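Below you'll find the structure, written out as structure tokens, and then a few comments.
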Amino acid sequence: MENIGIEEEKGSDWGKSLPVPSVQELVRNDPQSVPEKYIQHHPDRPLVPDMASSSFDIPIIDFALLAKGDEHETRKLDLACKHWGFFQIINHGVAEEVLLKMKAAIAAFFGLPLEEKNKYAQAGNDFQGYGQQYVVSEEQKLDWCDMMFLITLPHEIRSLKYWPDTIPGFKDAVESYSKEARKVANEICTNISLLMGMDKDGLKGFYGKTKQAMRMNYYPPCSRPDLVLGINPHSDPDIITLLLQDDEVPGLQIRHKDKWILVKPIRNAIVANVGDVLEILSNGVYKSVEHRAITNERESRISVATIKIPYDELEIGPMECTVDDDRPRMYRNIKYLDYVRYTLGRKMEGKAHIDNILKIEGS
Ligand SMILES: O=C(O)CCC(=O)C(=O)O
Ligand SMILES: [Fe+2]
């Protein structure tokens, strides 16, 4: 089996991973095989084929109404971030063509032969490139997923060596979608600043300049979707995530009231979720919710998570406006880089990271 990612050179400073094989290749070589390392312990296995409780749907926010300052929609956003941590955005203003080109670019990349994709492989000490989520122990259950991670904005911090240059339109697709995603993410942060009782630039005033990155996920079909997970349960260590998921193939599940709820794809909608950083800044008012992806027997699935992250040096902690006698400070301060290193240096364990190192006892 061929490994991805062993080359050593200066990387992102976010830690190191053990080498992991490509799942796409594994399935290509033997579609029936499901190696032990991917087989989840019993309680963690997904319910397939009923795909989870579908009696609930996550909130849907109409961005056209939000942009007009519609009170009802603004309140829906507030409740979505408090009770669900997730919502779907419709009427976001991103042209369908931009979304389709983005998805096509990802499909084209994963359609390349392994040797071609390996030209962009993650170095052992860099999260960027083609590979997988960091794997930190031999016992860790692996994701049934290959990914491509790129820092996309601002332009000057891109590592172009990871950008596939043989796919016509790849760079343009990423460029156009990144710009649009930045607008959508900023619009959410503007509204959340107002909801937190600050002026519209309140959050921005705290975190200053941010970075944007993309995690492009490719989930091959699996002969035993009842045994594996596409992505193990985790919360996102960012400010906000925008997820573009396959319109036809569902897979994303979020934990809500101790049940796994399937996020049913809505054509051309963007799924948004509160990340750990926003939960911390809001002193726990807004929730970064655990989620995972499941697979299926027949079809591969593509998704792309666009994440808004602070610069490494930012000290994160509850903002002043969120702390008072009724709501004491729930989290300690930590440098963002230390937080990311901590999360990537441990296997994904739902929300354990934020709870383990930042929660103040008794809060
Ligand atoms: O593919 C999905 O639906 C989830 C992806 C995800 O959670 C991530 O990339 O952080
Ligand atoms: Fe995620």
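In the structure tokens, each chain is lettered A, B, ... as it comes, each chain's residues begin at 1, and ligands are numbered from 1 in order of appearance.
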Using 10 Å as the limit and counting only C-alpha atoms and all ligand atoms, can you tabulate each residue of chain A that touches ligand 1, with its shortest atom-to-atom distance in Å and the two atoms involved, as CSV?
```
residue,atom,partner,partner_atom_place_in_ligand_line,distance
A:Gln133,CA,ligand 1,9 (O),9.2
A:Cys145,CA,ligand 1,1 (O),9.0
A:Met147,CA,ligand 1,9 (O),8.6
A:Phe149,CA,ligand 1,9 (O),9.4
A:Met214,CA,ligand 1,9 (O),8.3
A:Arg215,CA,ligand 1,9 (O),5.5
A:Met216,CA,ligand 1,9 (O),7.0
A:Asn217,CA,ligand 1,1 (O),6.1
A:Tyr218,CA,ligand 1,1 (O),8.0
A:Tyr219,CA,ligand 1,1 (O),8.0
A:Gly230,CA,ligand 1,1 (O),7.5
A:Ile231,CA,ligand 1,7 (O),6.8
A:Asn232,CA,ligand 1,7 (O),8.6
A:Pro233,CA,ligand 1,7 (O),8.2
A:His234,CA,ligand 1,7 (O),7.3
A:Ser235,CA,ligand 1,10 (O),7.5
A:Asp236,CA,ligand 1,10 (O),5.9
A:Pro237,CA,ligand 1,10 (O),9.0
A:Asp238,CA,ligand 1,10 (O),9.8
A:Thr241,CA,ligand 1,10 (O),7.8
A:Leu242,CA,ligand 1,8 (C),9.3
A:Leu243,CA,ligand 1,5 (C),7.1
A:Leu244,CA,ligand 1,3 (O),8.1
A:Gln245,CA,ligand 1,3 (O),6.1
A:Asp246,CA,ligand 1,3 (O),8.5
A:Val249,CA,ligand 1,3 (O),10.0
A:Pro250,CA,ligand 1,3 (O),7.8
A:Gly251,CA,ligand 1,3 (O),5.7
A:Leu252,CA,ligand 1,3 (O),3.9
A:Gln253,CA,ligand 1,3 (O),7.2
A:Ile254,CA,ligand 1,7 (O),9.2
A:Leu262,CA,ligand 1,3 (O),9.6
A:Val263,CA,ligand 1,3 (O),8.3
A:Pro265,CA,ligand 1,3 (O),9.8
A:Val271,CA,ligand 1,3 (O),9.0
A:Asn273,CA,ligand 1,7 (O),9.5
A:Gly275,CA,ligand 1,10 (O),9.9
A:Glu290,CA,ligand 1,7 (O),8.8
A:His291,CA,ligand 1,7 (O),6.2
A:Arg292,CA,ligand 1,7 (O),5.9
A:Ala293,CA,ligand 1,2 (C),5.3
A:Ile294,CA,ligand 1,3 (O),8.2
A:Thr295,CA,ligand 1,1 (O),9.7
A:Arg301,CA,ligand 1,1 (O),7.9
A:Ile302,CA,ligand 1,1 (O),6.9
A:Ser303,CA,ligand 1,1 (O),4.8
A:Val304,CA,ligand 1,9 (O),6.4
A:Ala305,CA,ligand 1,9 (O),4.8
A:Thr306,CA,ligand 1,9 (O),8.1
A:Ile307,CA,ligand 1,10 (O),8.4
```
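Note that DSSP on the backbone gives helix (DSSP H, G or I) to these residues of segment 31-68 of chain A: Glu36, Lys37, Tyr38, His42, Pro43, Asp44, Phe63, Ala64, Leu65, Leu66 and Ala67 of chain A.
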Just the selected residues (N, CA and C atoms), exported as a short mmCIF file (atom, residue, chain, number, x, y, z; two decimals), in the first residue's frame, please.
```cif
data_model
loop_
_atom_site.label_atom_id
_atom_site.label_comp_id
_atom_site.auth_asym_id
_atom_site.auth_seq_id
_atom_site.Cartn_x
_atom_site.Cartn_y
_atom_site.Cartn_z
N GLU A 36 -9.06 -3.27 9.43
CA GLU A 36 -9.35 -3.12 10.86
C GLU A 36 -9.24 -1.66 11.35
N LYS A 37 -8.25 -0.95 10.81
CA LYS A 37 -8.01 0.42 11.28
C LYS A 37 -9.16 1.38 11.01
N TYR A 38 -10.06 0.96 10.13
CA TYR A 38 -11.19 1.83 9.79
C TYR A 38 -12.46 1.38 10.51
N HIS A 42 -17.97 -0.47 18.53
CA HIS A 42 -19.43 -0.60 18.41
C HIS A 42 -20.24 0.67 18.64
N PRO A 43 -20.04 1.37 19.78
CA PRO A 43 -20.92 2.52 20.03
C PRO A 43 -20.75 3.65 19.03
N ASP A 44 -19.64 3.65 18.32
CA ASP A 44 -19.36 4.75 17.38
C ASP A 44 -19.85 4.46 15.97
N PHE A 63 -30.34 34.54 3.41
CA PHE A 63 -29.38 35.65 3.48
C PHE A 63 -29.90 36.94 2.87
N ALA A 64 -30.83 36.81 1.91
CA ALA A 64 -31.38 38.01 1.30
C ALA A 64 -32.14 38.79 2.38
N LEU A 65 -32.84 38.07 3.23
CA LEU A 65 -33.58 38.74 4.32
C LEU A 65 -32.63 39.28 5.38
N LEU A 66 -31.62 38.51 5.69
CA LEU A 66 -30.64 38.92 6.71
C LEU A 66 -29.95 40.23 6.29
N ALA A 67 -29.61 40.30 5.00
CA ALA A 67 -28.91 41.49 4.50
C ALA A 67 -29.79 42.73 4.62
#
```
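Proximity of A:Gly93, A:Gly197, A:Pro113, A:Pro318 to Asp78 of chain A, computed with only C-alpha atoms, is greatest for A:Gly197.
Of the residues under consideration (A:Lys161, A:Lys141, A:Arg298, A:Arg329), A:Lys141 shows the shortest atom-to-atom contact distance to Arg45 of chain A when counting only C-alpha atoms.
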One decimal, Å: what's the distance from atom CA of Asp324 of chain A over to atom CA of Pro310 of chain A, could you say?
25.2 Å
Using only C-alpha atoms, pick whichever of A:Leu150, A:Val94, A:Leu100, A:Cys321 has the shortest atom-to-atom distance to Gln212 of chain A.
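Checking each candidate against Gln212 of chain A, we get A:Leu150 as the closest.
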Could you work out how far atom CA of His83 of chain A lies from atom CA of Ala185 of chain A, giving the answer in Å with one decimal?
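Interatomic distance here is 19.3 Å.
Distances here use only C-alpha atoms and all ligand atoms; by that measure, the residue among A:Val136, A:Val20, A:Val289, A:Ala104 closest to ligand 2 is A:Val289.
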Which residues are close to Leu160 of chain A, i.e. within 10 Å by only C-alpha atoms, leaving aside same-chain residues fewer than 3 positions away? Reply as a PyMOL selection string.
chain A and resi 120+129+150-152+155-157+163-165
Of the candidates A:Lys259, A:Glu248, A:Ile360, A:Phe86, which shows the shortest atom-to-atom distance to ligand 2, using only C-alpha atoms and all ligand atoms?
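Distance minimum relative to ligand 2 lands on A:Phe86.
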Counting only C-alpha atoms, the residue of A:Leu26, A:Ala105, A:Ala269, A:Ile354 that sits nearest Ile61 of chain A:
A:Ala269
Extract the full set of strand (DSSP E or B) residues from segment 85-329 of chain A according to DSSP on the backbone, and format it as a compact mmCIF listing (two decimals) with N, CA and C atoms, in the first residue's frame.
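Output below, filename part-v2.txt:
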```
# COMPACT_ATOMS: atom_id res chain seq x y z
N PHE A 86 -25.33 24.96 13.81
CA PHE A 86 -25.33 24.72 12.36
C PHE A 86 -26.55 25.35 11.72
N PHE A 87 -26.41 25.80 10.48
CA PHE A 87 -27.59 26.22 9.71
C PHE A 87 -27.25 26.14 8.23
N GLN A 88 -28.30 26.10 7.41
CA GLN A 88 -28.08 26.12 5.95
C GLN A 88 -28.40 27.53 5.44
N ILE A 89 -27.59 28.01 4.54
CA ILE A 89 -27.82 29.36 4.00
C ILE A 89 -28.37 29.26 2.58
N ILE A 90 -29.53 29.90 2.38
CA ILE A 90 -30.05 30.00 1.02
C ILE A 90 -30.02 31.48 0.61
N ALA A 121 1.41 16.01 -2.16
CA ALA A 121 1.17 15.35 -0.87
C ALA A 121 1.60 16.21 0.32
N GLY A 129 -1.93 20.33 1.70
CA GLY A 129 -1.64 19.35 0.67
C GLY A 129 -2.61 18.19 0.67
N TYR A 130 -2.26 17.19 -0.14
CA TYR A 130 -3.10 16.01 -0.33
C TYR A 130 -2.75 14.97 0.72
N GLY A 131 -3.73 14.50 1.44
CA GLY A 131 -3.45 13.50 2.48
C GLY A 131 -4.67 13.23 3.30
N ASP A 146 -10.13 10.85 1.88
CA ASP A 146 -8.87 11.52 1.51
C ASP A 146 -9.18 13.00 1.43
N MET A 147 -8.17 13.83 1.65
CA MET A 147 -8.47 15.26 1.57
C MET A 147 -7.33 16.05 0.93
N MET A 148 -7.68 17.27 0.57
CA MET A 148 -6.72 18.22 0.06
C MET A 148 -6.93 19.50 0.85
N PHE A 149 -5.90 19.94 1.55
CA PHE A 149 -6.05 21.13 2.40
C PHE A 149 -5.18 22.26 1.85
N LEU A 150 -5.78 23.41 1.60
CA LEU A 150 -5.03 24.55 1.08
C LEU A 150 -5.37 25.81 1.84
N ILE A 151 -4.35 26.58 2.20
CA ILE A 151 -4.62 27.93 2.70
C ILE A 151 -4.81 28.79 1.46
N THR A 152 -5.95 29.48 1.41
CA THR A 152 -6.30 30.18 0.16
C THR A 152 -6.19 31.70 0.25
N LEU A 153 -6.45 32.26 1.42
CA LEU A 153 -6.41 33.72 1.57
C LEU A 153 -5.74 34.08 2.90
N THR A 210 -7.76 37.82 9.27
CA THR A 210 -7.92 36.36 9.41
C THR A 210 -7.37 35.66 8.17
N LYS A 211 -7.24 34.35 8.28
CA LYS A 211 -6.84 33.52 7.13
C LYS A 211 -8.06 32.72 6.70
N GLN A 212 -8.03 32.25 5.48
CA GLN A 212 -9.08 31.34 5.03
C GLN A 212 -8.39 30.11 4.43
N ALA A 213 -8.96 28.95 4.72
CA ALA A 213 -8.38 27.71 4.16
C ALA A 213 -9.52 26.83 3.68
N MET A 214 -9.17 25.85 2.86
CA MET A 214 -10.18 24.93 2.34
C MET A 214 -9.76 23.51 2.61
N ARG A 215 -10.71 22.74 3.12
CA ARG A 215 -10.47 21.31 3.28
C ARG A 215 -11.41 20.61 2.30
N MET A 216 -10.81 20.08 1.23
CA MET A 216 -11.62 19.40 0.21
C MET A 216 -11.63 17.91 0.55
N ASN A 217 -12.81 17.38 0.75
CA ASN A 217 -12.94 15.99 1.20
C ASN A 217 -13.44 15.08 0.09
N TYR A 218 -12.85 13.91 -0.01
CA TYR A 218 -13.32 12.91 -0.96
C TYR A 218 -13.57 11.61 -0.20
N TYR A 219 -14.84 11.20 -0.17
CA TYR A 219 -15.21 9.97 0.54
C TYR A 219 -15.53 8.89 -0.49
N ILE A 231 -15.68 10.90 8.35
CA ILE A 231 -14.88 11.73 9.25
C ILE A 231 -15.35 11.41 10.66
N ASN A 232 -14.40 11.18 11.54
CA ASN A 232 -14.72 10.91 12.93
C ASN A 232 -15.34 12.16 13.58
N PRO A 233 -16.14 11.98 14.63
CA PRO A 233 -16.78 13.13 15.28
C PRO A 233 -15.74 14.16 15.72
N HIS A 234 -16.04 15.41 15.45
CA HIS A 234 -15.13 16.50 15.81
C HIS A 234 -15.90 17.81 15.82
N ILE A 240 -15.50 30.20 11.90
CA ILE A 240 -16.73 29.76 11.24
C ILE A 240 -16.36 28.86 10.06
N THR A 241 -17.18 27.86 9.80
CA THR A 241 -16.95 26.98 8.64
C THR A 241 -18.12 27.12 7.68
N LEU A 242 -17.80 27.16 6.40
CA LEU A 242 -18.85 27.10 5.37
C LEU A 242 -18.63 25.81 4.61
N LEU A 243 -19.65 24.98 4.57
CA LEU A 243 -19.49 23.68 3.92
C LEU A 243 -20.36 23.59 2.68
N LEU A 244 -19.68 23.27 1.60
CA LEU A 244 -20.40 23.01 0.35
C LEU A 244 -20.44 21.51 0.24
N GLN A 245 -21.64 20.95 0.27
CA GLN A 245 -21.70 19.50 0.19
C GLN A 245 -22.35 19.07 -1.10
N LEU A 252 -23.28 14.29 5.87
CA LEU A 252 -22.98 15.07 7.08
C LEU A 252 -24.03 14.80 8.16
N GLN A 253 -23.55 14.51 9.36
CA GLN A 253 -24.45 14.36 10.52
C GLN A 253 -23.96 15.26 11.64
N ILE A 254 -24.90 15.88 12.34
CA ILE A 254 -24.50 16.70 13.50
C ILE A 254 -25.14 16.13 14.76
N ARG A 255 -24.48 16.35 15.87
CA ARG A 255 -25.04 15.85 17.13
C ARG A 255 -25.98 16.91 17.71
N HIS A 256 -27.22 16.50 17.88
CA HIS A 256 -28.21 17.42 18.41
C HIS A 256 -29.03 16.66 19.44
N LYS A 259 -28.51 12.98 19.61
CA LYS A 259 -28.82 12.14 18.44
C LYS A 259 -28.01 12.64 17.26
N TRP A 260 -27.72 11.73 16.34
CA TRP A 260 -27.05 12.17 15.11
C TRP A 260 -28.12 12.53 14.09
N ILE A 261 -28.08 13.78 13.62
CA ILE A 261 -29.09 14.29 12.68
C ILE A 261 -28.42 14.47 11.32
N LEU A 262 -29.04 13.93 10.31
CA LEU A 262 -28.49 14.08 8.96
C LEU A 262 -28.81 15.48 8.42
N ILE A 270 -25.42 26.61 1.21
CA ILE A 270 -24.14 26.46 1.90
C ILE A 270 -24.45 26.18 3.38
N VAL A 271 -23.82 25.15 3.92
CA VAL A 271 -24.02 24.83 5.33
C VAL A 271 -23.00 25.64 6.14
N ALA A 272 -23.45 26.29 7.20
CA ALA A 272 -22.50 27.05 8.02
C ALA A 272 -22.49 26.49 9.43
N ASN A 273 -21.33 26.51 10.07
CA ASN A 273 -21.31 26.14 11.48
C ASN A 273 -20.34 26.98 12.30
N VAL A 274 -20.75 27.16 13.55
CA VAL A 274 -19.95 27.90 14.52
C VAL A 274 -18.72 27.05 14.86
N HIS A 291 -19.75 17.08 14.85
CA HIS A 291 -20.32 16.52 13.62
C HIS A 291 -19.41 15.44 13.07
N ARG A 292 -19.92 14.68 12.11
CA ARG A 292 -19.14 13.59 11.51
C ARG A 292 -19.71 13.36 10.11
N ALA A 293 -19.05 12.52 9.34
CA ALA A 293 -19.61 12.17 8.03
C ALA A 293 -19.72 10.66 7.93
N ARG A 301 -18.51 10.68 -2.38
CA ARG A 301 -19.09 11.97 -1.99
C ARG A 301 -17.97 12.99 -1.88
N ILE A 302 -18.30 14.22 -2.30
CA ILE A 302 -17.32 15.30 -2.21
C ILE A 302 -17.88 16.39 -1.32
N SER A 303 -17.06 16.99 -0.50
CA SER A 303 -17.50 18.19 0.22
C SER A 303 -16.29 19.11 0.34
N VAL A 304 -16.56 20.40 0.56
CA VAL A 304 -15.45 21.31 0.82
C VAL A 304 -15.81 22.24 1.97
N ALA A 305 -14.96 22.18 3.00
CA ALA A 305 -15.14 23.04 4.17
C ALA A 305 -14.21 24.23 4.01
N THR A 306 -14.80 25.43 4.00
CA THR A 306 -13.98 26.64 3.93
C THR A 306 -13.97 27.22 5.32
N ILE A 307 -12.76 27.35 5.86
CA ILE A 307 -12.69 27.74 7.27
C ILE A 307 -12.06 29.13 7.42
N LYS A 308 -12.61 29.88 8.36
CA LYS A 308 -12.06 31.21 8.67
C LYS A 308 -11.31 31.05 9.98
N ILE A 309 -10.02 31.34 9.95
CA ILE A 309 -9.19 31.11 11.14
C ILE A 309 -8.38 32.37 11.50
N PRO A 310 -8.09 32.54 12.78
CA PRO A 310 -7.25 33.68 13.17
C PRO A 310 -5.78 33.40 12.82
N GLU A 315 -4.39 35.70 20.81
CA GLU A 315 -4.78 35.14 22.11
C GLU A 315 -6.30 35.07 22.12
N ILE A 316 -6.86 33.86 22.23
CA ILE A 316 -8.32 33.75 22.22
C ILE A 316 -8.84 33.49 23.63
```
Could you please determine the separation between atom CA of Leu114 of chain A and atom CA of Glu297 of chain A in Å, to one decimal place?
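Distance reported for this atom pair: 22.1 Å.
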